[in-house]
>>> print(open('target.cif').read())   # mmCIF, N, CA and C atoms
data_coords
#
loop_
_atom_site.label_atom_id
_atom_site.label_comp_id
_atom_site.auth_asym_id
_atom_site.auth_seq_id
_atom_site.Cartn_x
_atom_site.Cartn_y
_atom_site.Cartn_z
N MET A 1 1.14 97.96 -23.33
CA MET A 1 0.76 96.77 -24.07
C MET A 1 1.94 95.79 -24.08
N PRO A 2 1.73 94.57 -23.62
CA PRO A 2 2.82 93.59 -23.63
C PRO A 2 3.28 93.29 -25.05
N LYS A 3 4.57 93.05 -25.18
CA LYS A 3 5.13 92.69 -26.48
C LYS A 3 5.18 91.17 -26.59
N GLN A 4 5.26 90.69 -27.81
CA GLN A 4 5.41 89.27 -28.03
C GLN A 4 6.83 88.98 -28.50
N VAL A 5 7.37 87.86 -28.04
CA VAL A 5 8.73 87.45 -28.41
C VAL A 5 8.72 85.94 -28.65
N GLU A 6 9.51 85.50 -29.61
CA GLU A 6 9.60 84.07 -29.90
C GLU A 6 10.35 83.36 -28.77
N ALA A 7 9.88 82.18 -28.40
CA ALA A 7 10.51 81.42 -27.32
C ALA A 7 11.96 81.10 -27.64
N GLY A 8 12.28 80.83 -28.88
CA GLY A 8 13.64 80.49 -29.27
C GLY A 8 14.59 81.67 -29.29
N LYS A 9 14.06 82.90 -29.23
CA LYS A 9 14.91 84.09 -29.27
C LYS A 9 15.11 84.72 -27.90
N LEU A 10 14.60 84.09 -26.85
CA LEU A 10 14.81 84.60 -25.50
C LEU A 10 16.26 84.40 -25.10
N ARG A 11 16.79 85.30 -24.31
CA ARG A 11 18.17 85.23 -23.82
C ARG A 11 18.18 85.38 -22.30
N ASN A 12 19.29 85.03 -21.69
CA ASN A 12 19.43 85.21 -20.25
C ASN A 12 19.26 86.69 -19.91
N GLY A 13 18.49 86.96 -18.87
CA GLY A 13 18.27 88.34 -18.45
C GLY A 13 17.05 88.98 -19.08
N SER A 14 16.45 88.36 -20.09
CA SER A 14 15.24 88.94 -20.67
C SER A 14 14.04 88.59 -19.78
N PHE A 15 12.91 89.18 -20.06
CA PHE A 15 11.73 89.00 -19.22
C PHE A 15 10.60 88.41 -20.04
N VAL A 16 9.84 87.49 -19.41
CA VAL A 16 8.76 86.80 -20.10
C VAL A 16 7.67 86.45 -19.08
N MET A 17 6.44 86.31 -19.56
CA MET A 17 5.34 85.91 -18.69
C MET A 17 5.22 84.38 -18.74
N ILE A 18 5.26 83.73 -17.57
CA ILE A 18 5.05 82.29 -17.47
C ILE A 18 3.98 82.06 -16.41
N ASP A 19 2.93 81.37 -16.78
CA ASP A 19 1.79 81.11 -15.88
C ASP A 19 1.21 82.40 -15.33
N GLY A 20 1.18 83.45 -16.14
CA GLY A 20 0.61 84.73 -15.72
C GLY A 20 1.48 85.54 -14.79
N GLU A 21 2.70 85.12 -14.56
CA GLU A 21 3.62 85.79 -13.64
C GLU A 21 4.84 86.31 -14.42
N PRO A 22 5.24 87.58 -14.20
CA PRO A 22 6.44 88.08 -14.87
C PRO A 22 7.69 87.40 -14.31
N CYS A 23 8.55 86.94 -15.21
CA CYS A 23 9.75 86.20 -14.81
C CYS A 23 10.97 86.71 -15.55
N GLU A 24 12.14 86.55 -14.91
CA GLU A 24 13.41 86.84 -15.56
C GLU A 24 14.01 85.53 -16.03
N VAL A 25 14.39 85.47 -17.30
CA VAL A 25 14.95 84.25 -17.88
C VAL A 25 16.35 84.02 -17.31
N ARG A 26 16.58 82.81 -16.79
CA ARG A 26 17.87 82.43 -16.23
C ARG A 26 18.69 81.59 -17.20
N ASP A 27 18.00 80.74 -18.00
CA ASP A 27 18.70 79.87 -18.93
C ASP A 27 17.76 79.45 -20.04
N VAL A 28 18.27 79.39 -21.26
CA VAL A 28 17.50 78.92 -22.41
C VAL A 28 18.37 77.91 -23.16
N SER A 29 17.82 76.74 -23.40
CA SER A 29 18.52 75.76 -24.23
C SER A 29 17.57 75.34 -25.34
N LYS A 30 18.14 75.19 -26.53
CA LYS A 30 17.33 74.84 -27.69
C LYS A 30 17.78 73.49 -28.23
N SER A 31 16.78 72.69 -28.61
CA SER A 31 17.08 71.42 -29.25
C SER A 31 16.89 71.59 -30.75
N SER A 32 17.58 70.78 -31.52
CA SER A 32 17.45 70.89 -32.98
C SER A 32 16.16 70.19 -33.41
N PRO A 33 15.62 70.60 -34.56
CA PRO A 33 14.39 69.96 -35.02
C PRO A 33 14.63 68.49 -35.35
N GLY A 34 13.65 67.68 -35.02
CA GLY A 34 13.76 66.25 -35.30
C GLY A 34 13.10 65.91 -36.62
N LYS A 35 13.02 64.64 -36.88
CA LYS A 35 12.46 64.15 -38.14
C LYS A 35 10.99 64.52 -38.27
N HIS A 36 10.26 64.47 -37.15
CA HIS A 36 8.82 64.73 -37.20
C HIS A 36 8.39 65.91 -36.35
N GLY A 37 9.29 66.74 -35.93
CA GLY A 37 8.89 67.83 -35.05
C GLY A 37 9.74 69.06 -35.23
N SER A 38 9.34 70.10 -34.55
CA SER A 38 10.06 71.36 -34.64
C SER A 38 11.06 71.48 -33.49
N ALA A 39 11.92 72.47 -33.57
CA ALA A 39 12.89 72.73 -32.51
C ALA A 39 12.15 73.15 -31.24
N LYS A 40 12.68 72.77 -30.11
CA LYS A 40 12.08 73.10 -28.82
C LYS A 40 13.01 74.02 -28.04
N ALA A 41 12.43 74.91 -27.25
CA ALA A 41 13.19 75.79 -26.36
C ALA A 41 12.82 75.44 -24.92
N LYS A 42 13.83 75.10 -24.12
CA LYS A 42 13.62 74.85 -22.69
C LYS A 42 14.01 76.12 -21.95
N ILE A 43 13.07 76.70 -21.24
CA ILE A 43 13.28 77.99 -20.58
C ILE A 43 13.23 77.80 -19.07
N LYS A 44 14.28 78.27 -18.40
CA LYS A 44 14.31 78.28 -16.94
C LYS A 44 14.25 79.75 -16.53
N ALA A 45 13.31 80.09 -15.66
CA ALA A 45 13.12 81.48 -15.26
C ALA A 45 12.78 81.55 -13.78
N ARG A 46 12.90 82.76 -13.22
CA ARG A 46 12.55 83.00 -11.82
C ARG A 46 11.57 84.16 -11.76
N GLY A 47 10.49 83.97 -10.99
CA GLY A 47 9.46 85.00 -10.83
C GLY A 47 10.02 86.25 -10.18
N LEU A 48 9.62 87.41 -10.70
CA LEU A 48 10.12 88.68 -10.15
C LEU A 48 9.54 88.95 -8.76
N PHE A 49 8.28 88.62 -8.55
CA PHE A 49 7.63 88.95 -7.29
C PHE A 49 7.67 87.82 -6.27
N ASP A 50 7.48 86.58 -6.71
CA ASP A 50 7.45 85.46 -5.77
C ASP A 50 8.76 84.67 -5.73
N GLU A 51 9.70 84.97 -6.61
CA GLU A 51 11.02 84.34 -6.69
C GLU A 51 10.96 82.81 -6.81
N LYS A 52 9.88 82.29 -7.40
CA LYS A 52 9.77 80.86 -7.65
C LYS A 52 10.45 80.53 -8.97
N ASP A 53 11.13 79.38 -9.00
CA ASP A 53 11.73 78.91 -10.24
C ASP A 53 10.64 78.28 -11.09
N ARG A 54 10.68 78.59 -12.39
CA ARG A 54 9.71 78.04 -13.32
C ARG A 54 10.47 77.47 -14.52
N HIS A 55 10.02 76.32 -14.98
CA HIS A 55 10.62 75.65 -16.14
C HIS A 55 9.50 75.39 -17.13
N ILE A 56 9.77 75.69 -18.39
CA ILE A 56 8.75 75.49 -19.41
C ILE A 56 9.44 75.10 -20.71
N THR A 57 8.80 74.21 -21.46
CA THR A 57 9.32 73.79 -22.77
C THR A 57 8.27 74.14 -23.81
N LYS A 58 8.69 74.86 -24.83
CA LYS A 58 7.79 75.31 -25.91
C LYS A 58 8.48 75.10 -27.25
N PRO A 59 7.69 74.94 -28.33
CA PRO A 59 8.31 74.99 -29.65
C PRO A 59 9.02 76.33 -29.83
N ALA A 60 10.18 76.33 -30.47
CA ALA A 60 11.02 77.53 -30.56
C ALA A 60 10.33 78.69 -31.28
N ASP A 61 9.34 78.39 -32.14
CA ASP A 61 8.67 79.47 -32.87
C ASP A 61 7.40 79.95 -32.18
N THR A 62 7.11 79.47 -30.97
CA THR A 62 5.94 79.91 -30.21
C THR A 62 6.13 81.35 -29.72
N MET A 63 5.10 82.14 -29.86
CA MET A 63 5.15 83.52 -29.39
C MET A 63 4.75 83.56 -27.91
N MET A 64 5.57 84.24 -27.10
CA MET A 64 5.29 84.40 -25.67
C MET A 64 5.21 85.88 -25.36
N LEU A 65 4.49 86.21 -24.28
CA LEU A 65 4.34 87.61 -23.89
C LEU A 65 5.52 88.06 -23.04
N SER A 66 5.95 89.29 -23.28
CA SER A 66 6.96 89.94 -22.46
C SER A 66 6.24 91.02 -21.66
N PRO A 67 6.43 91.10 -20.34
CA PRO A 67 5.67 92.05 -19.53
C PRO A 67 6.06 93.51 -19.80
N ASP A 68 5.11 94.42 -19.57
CA ASP A 68 5.40 95.85 -19.63
C ASP A 68 6.21 96.21 -18.39
N MET A 69 7.35 96.87 -18.59
CA MET A 69 8.21 97.24 -17.47
C MET A 69 8.65 98.69 -17.60
N ASP A 70 8.55 99.42 -16.50
CA ASP A 70 9.07 100.79 -16.41
C ASP A 70 10.01 100.84 -15.22
N LYS A 71 11.22 101.33 -15.45
CA LYS A 71 12.17 101.50 -14.36
C LYS A 71 12.07 102.95 -13.91
N LYS A 72 11.80 103.14 -12.60
CA LYS A 72 11.52 104.48 -12.08
C LYS A 72 12.34 104.80 -10.84
N VAL A 73 12.37 106.08 -10.53
CA VAL A 73 13.02 106.57 -9.31
C VAL A 73 11.95 107.28 -8.49
N GLY A 74 11.95 107.01 -7.19
CA GLY A 74 10.98 107.65 -6.30
C GLY A 74 11.65 108.09 -5.03
N GLN A 75 10.92 108.89 -4.26
CA GLN A 75 11.42 109.37 -2.97
C GLN A 75 10.47 108.91 -1.88
N VAL A 76 11.05 108.37 -0.80
CA VAL A 76 10.24 107.89 0.32
C VAL A 76 9.68 109.09 1.07
N VAL A 77 8.35 109.16 1.13
CA VAL A 77 7.68 110.25 1.84
C VAL A 77 7.48 109.87 3.30
N SER A 78 7.03 108.65 3.53
CA SER A 78 6.86 108.16 4.90
C SER A 78 6.97 106.64 4.87
N GLN A 79 7.24 106.07 6.05
CA GLN A 79 7.37 104.63 6.14
C GLN A 79 6.78 104.15 7.45
N GLU A 80 6.02 103.07 7.37
CA GLU A 80 5.45 102.45 8.56
C GLU A 80 5.70 100.96 8.45
N GLU A 81 6.59 100.44 9.29
CA GLU A 81 7.05 99.05 9.26
C GLU A 81 7.64 98.74 7.89
N ASP A 82 7.06 97.79 7.11
CA ASP A 82 7.64 97.42 5.83
C ASP A 82 6.91 98.02 4.64
N VAL A 83 6.01 98.96 4.88
CA VAL A 83 5.27 99.64 3.80
C VAL A 83 5.70 101.11 3.76
N ALA A 84 6.12 101.55 2.57
CA ALA A 84 6.56 102.94 2.41
C ALA A 84 5.65 103.65 1.42
N GLN A 85 5.42 104.91 1.69
CA GLN A 85 4.71 105.76 0.75
C GLN A 85 5.78 106.44 -0.10
N VAL A 86 5.72 106.20 -1.43
CA VAL A 86 6.78 106.64 -2.34
C VAL A 86 6.20 107.61 -3.36
N MET A 87 6.92 108.74 -3.55
CA MET A 87 6.52 109.73 -4.55
C MET A 87 7.38 109.53 -5.79
N ASP A 88 6.73 109.33 -6.94
CA ASP A 88 7.42 109.19 -8.22
C ASP A 88 8.08 110.52 -8.56
N MET A 89 9.36 110.49 -8.94
CA MET A 89 10.09 111.73 -9.21
C MET A 89 9.74 112.35 -10.56
N ASP A 90 9.05 111.62 -11.43
CA ASP A 90 8.64 112.18 -12.72
C ASP A 90 7.24 112.76 -12.68
N THR A 91 6.30 112.01 -12.09
CA THR A 91 4.89 112.43 -12.11
C THR A 91 4.44 113.04 -10.78
N TYR A 92 5.22 112.88 -9.72
CA TYR A 92 4.92 113.38 -8.38
C TYR A 92 3.68 112.73 -7.78
N GLU A 93 3.29 111.56 -8.29
CA GLU A 93 2.21 110.79 -7.69
C GLU A 93 2.77 109.98 -6.54
N THR A 94 1.96 109.75 -5.51
CA THR A 94 2.41 108.94 -4.38
C THR A 94 1.63 107.64 -4.34
N GLU A 95 2.35 106.57 -4.02
CA GLU A 95 1.73 105.25 -3.91
C GLU A 95 2.45 104.47 -2.83
N GLU A 96 1.76 103.47 -2.28
CA GLU A 96 2.37 102.63 -1.26
C GLU A 96 3.09 101.46 -1.91
N MET A 97 4.19 101.05 -1.27
CA MET A 97 5.03 99.99 -1.82
C MET A 97 5.59 99.16 -0.68
N GLN A 98 5.66 97.85 -0.89
CA GLN A 98 6.25 96.93 0.08
C GLN A 98 7.77 97.04 0.01
N ILE A 99 8.42 97.23 1.15
CA ILE A 99 9.89 97.30 1.21
C ILE A 99 10.39 96.02 1.87
N PRO A 100 11.31 95.29 1.22
CA PRO A 100 11.86 94.06 1.83
C PRO A 100 12.56 94.36 3.16
N ASP A 101 12.57 93.36 4.04
CA ASP A 101 13.16 93.53 5.37
C ASP A 101 14.66 93.80 5.34
N ASP A 102 15.36 93.31 4.32
CA ASP A 102 16.80 93.46 4.29
C ASP A 102 17.27 94.83 3.80
N PHE A 103 16.33 95.74 3.49
CA PHE A 103 16.70 97.10 3.09
C PHE A 103 16.26 98.08 4.16
N ASP A 104 17.14 99.02 4.48
CA ASP A 104 16.83 100.05 5.47
C ASP A 104 16.68 101.38 4.73
N VAL A 105 15.45 101.87 4.63
CA VAL A 105 15.20 103.14 3.96
C VAL A 105 14.65 104.12 4.98
N SER A 106 14.88 105.40 4.72
CA SER A 106 14.37 106.44 5.61
C SER A 106 13.67 107.51 4.78
N GLU A 107 12.92 108.34 5.45
CA GLU A 107 12.18 109.41 4.76
C GLU A 107 13.15 110.33 4.03
N GLY A 108 12.77 110.72 2.82
CA GLY A 108 13.58 111.61 2.02
C GLY A 108 14.59 110.89 1.14
N GLN A 109 14.76 109.60 1.32
CA GLN A 109 15.73 108.83 0.54
C GLN A 109 15.14 108.46 -0.82
N LYS A 110 15.99 108.47 -1.85
CA LYS A 110 15.55 108.09 -3.19
C LYS A 110 15.76 106.59 -3.39
N ILE A 111 14.79 105.96 -4.05
CA ILE A 111 14.86 104.53 -4.31
C ILE A 111 14.60 104.26 -5.79
N ASN A 112 15.03 103.09 -6.24
CA ASN A 112 14.75 102.61 -7.58
C ASN A 112 13.67 101.54 -7.47
N TYR A 113 12.70 101.59 -8.37
CA TYR A 113 11.67 100.56 -8.39
C TYR A 113 11.19 100.35 -9.82
N TRP A 114 10.59 99.19 -10.03
CA TRP A 114 10.05 98.84 -11.33
C TRP A 114 8.54 98.75 -11.23
N VAL A 115 7.87 99.20 -12.27
CA VAL A 115 6.43 98.99 -12.40
C VAL A 115 6.26 97.92 -13.47
N VAL A 116 5.78 96.76 -13.06
CA VAL A 116 5.61 95.61 -13.95
C VAL A 116 4.13 95.27 -13.99
N ASP A 117 3.49 95.56 -15.12
CA ASP A 117 2.06 95.28 -15.27
C ASP A 117 1.25 95.79 -14.07
N ASP A 118 1.40 97.05 -13.72
CA ASP A 118 0.68 97.72 -12.63
C ASP A 118 1.03 97.21 -11.23
N ARG A 119 2.09 96.43 -11.09
CA ARG A 119 2.58 96.00 -9.78
C ARG A 119 3.94 96.65 -9.57
N LYS A 120 4.25 97.02 -8.35
CA LYS A 120 5.49 97.72 -8.05
C LYS A 120 6.47 96.78 -7.36
N LEU A 121 7.73 96.85 -7.80
CA LEU A 121 8.78 95.99 -7.27
C LEU A 121 9.95 96.87 -6.83
N PHE A 122 10.25 96.87 -5.54
CA PHE A 122 11.37 97.62 -4.98
C PHE A 122 12.67 96.99 -5.44
N LYS A 123 13.61 97.79 -6.00
CA LYS A 123 14.85 97.25 -6.51
C LYS A 123 16.07 97.69 -5.71
N GLY A 124 16.01 98.81 -5.00
CA GLY A 124 17.15 99.21 -4.19
C GLY A 124 17.17 100.69 -3.91
N VAL A 125 18.11 101.07 -3.07
CA VAL A 125 18.28 102.47 -2.68
C VAL A 125 19.24 103.13 -3.67
N GLU A 126 18.89 104.32 -4.13
CA GLU A 126 19.74 105.03 -5.08
C GLU A 126 20.90 105.65 -4.32
N GLU A 127 22.09 105.48 -4.85
CA GLU A 127 23.30 106.01 -4.20
C GLU A 127 23.51 107.46 -4.55
#
>>> encode(input="target.cif", output="structure tokens")
Amino acid sequence: MPKQVEAGKLRNGSFVMIDGEPCEVRDVSKSSPGKHGSAKAKIKARGLFDEKDRHITKPADTMMLSPDMDKKVGQVVSQEEDVAQVMDMDTYETEEMQIPDDFDVSEGQKINYWVVDDRKLFKGVEE
């Protein structure tokens, strides 16, 4: 279940949903409340999956959704081009995952990945 967080309490490195996409917050700036309005929070974030920059301005007391995230370790069972079949080291379930071109993984190697709202994101090879 996604958690809710106030827009004014977000910090660099935290995670938030913007336009239905999970994003990592890069910068937050807050303006002081004016004579006729509330304080505003300007949020700059980058999408975890599409790496697009997103900018949004909200009242500082607005509640925003924070995505469900699980950090996991898996083992590569097989690989065909840029798709690897990965076995979760906790549950022993296997699932397919997209591997970026700049990473070289081989069968039997352990990797780190995140599960973000039922989507899998490859994070790197475990040393």
>>> atom_distance(input="target.cif", atom1="atom CA of A:Val28", atom2="atom CA of A:Lys58")
10.9 Å
>>> resolve_selection(input="target.cif", expression="the PyMOL selection byres ((chain A and resi 63) around 6)", output="list of chain:residue names")
A:Gln4, A:Val5, A:Glu6, A:Ala7, A:Asp61, A:Thr62, A:Met64, A:Leu65
>>> atom_distance(input="target.cif", atom1="atom C of A:Tyr113", atom2="atom C of A:Thr91")
14.4 Å
>>> residues_around(input="target.cif", residues="A:Ser31", least_positions_apart="3", cutoff="8 Å", atoms="all atoms listed in the file", output="MDAnalysis selection string")
chainID A and resid 28 34 38:42 60
>>> select_by_dssp(input="target.cif", residues="chain A", states="strand (DSSP E or B)", output="PyMOL selection string")
chain A and resi 3-6+15-18+21-30+40-47+53-59+63-66+69-80+83-88+94-98+110-116+119-125
>>> resolve_selection(input="target.cif", expression="the PyMOL selection byres ((chain A and resi 97-101) around 6)", output="VMD selection string")
chain A and resid 82 to 86 95 to 96 102 to 104
>>> closest_residue(input="target.cif", among="A:Phe49, A:Pro59, A:Lys123, A:Asn112", to="A:Val73", atoms="only N, CA and C atoms")
A:Asn112
>>> atom_distance(input="target.cif", atom1="atom N of A:Lys110", atom2="atom N of A:Met87")
9.2 Å
>>> residues_around(input="target.cif", residues="A:Leu48", least_positions_apart="6", cutoff="9 Å", atoms="only C-alpha atoms", output="number ranges by chain")
A: 21-24, 121
>>> residues_around(input="target.cif", residues="A:Asp118", least_positions_apart="4", cutoff="8 Å", atoms="all atoms listed in the file", output="list in words")
Asp68, Met69 and Trp114 of chain A
>>> resolve_selection(input="target.cif", expression="the PyMOL selection byres (((chain A and resi 125 and name CA) around 6) and name CA)", output="PDB file with N, CA and C atoms, keeping the file's coordinate frame")
ATOM      1  N   ILE A 111      14.790 105.960  -4.050  1.00  0.00           N
ATOM      2  CA  ILE A 111      14.860 104.530  -4.310  1.00  0.00           C
ATOM      3  C   ILE A 111      14.600 104.260  -5.790  1.00  0.00           C
ATOM      4  N   GLY A 124      16.010  98.810  -5.000  1.00  0.00           N
ATOM      5  CA  GLY A 124      17.150  99.210  -4.190  1.00  0.00           C
ATOM      6  C   GLY A 124      17.170 100.690  -3.910  1.00  0.00           C
ATOM      7  N   GLU A 126      18.890 104.320  -4.130  1.00  0.00           N
ATOM      8  CA  GLU A 126      19.740 105.030  -5.080  1.00  0.00           C
ATOM      9  C   GLU A 126      20.900 105.650  -4.320  1.00  0.00           C
TER      10      GLU A 126
END
>>> closest_residue(input="target.cif", among="A:Lys3, A:Arg11, A:Lys71, A:Arg119", to="A:Ile43", atoms="only C-alpha atoms")
A:Arg11
>>> closest_residue(input="target.cif", among="A:Gln79, A:Phe122, A:Asp70, A:Asp90", to="A:Ser106", atoms="only N, CA and C atoms")
A:Gln79
>>> closest_residue(input="target.cif", among="A:Thr57, A:Ser32, A:Ser66, A:Thr94", to="A:Met17", atoms="all atoms listed in the file")
A:Ser66
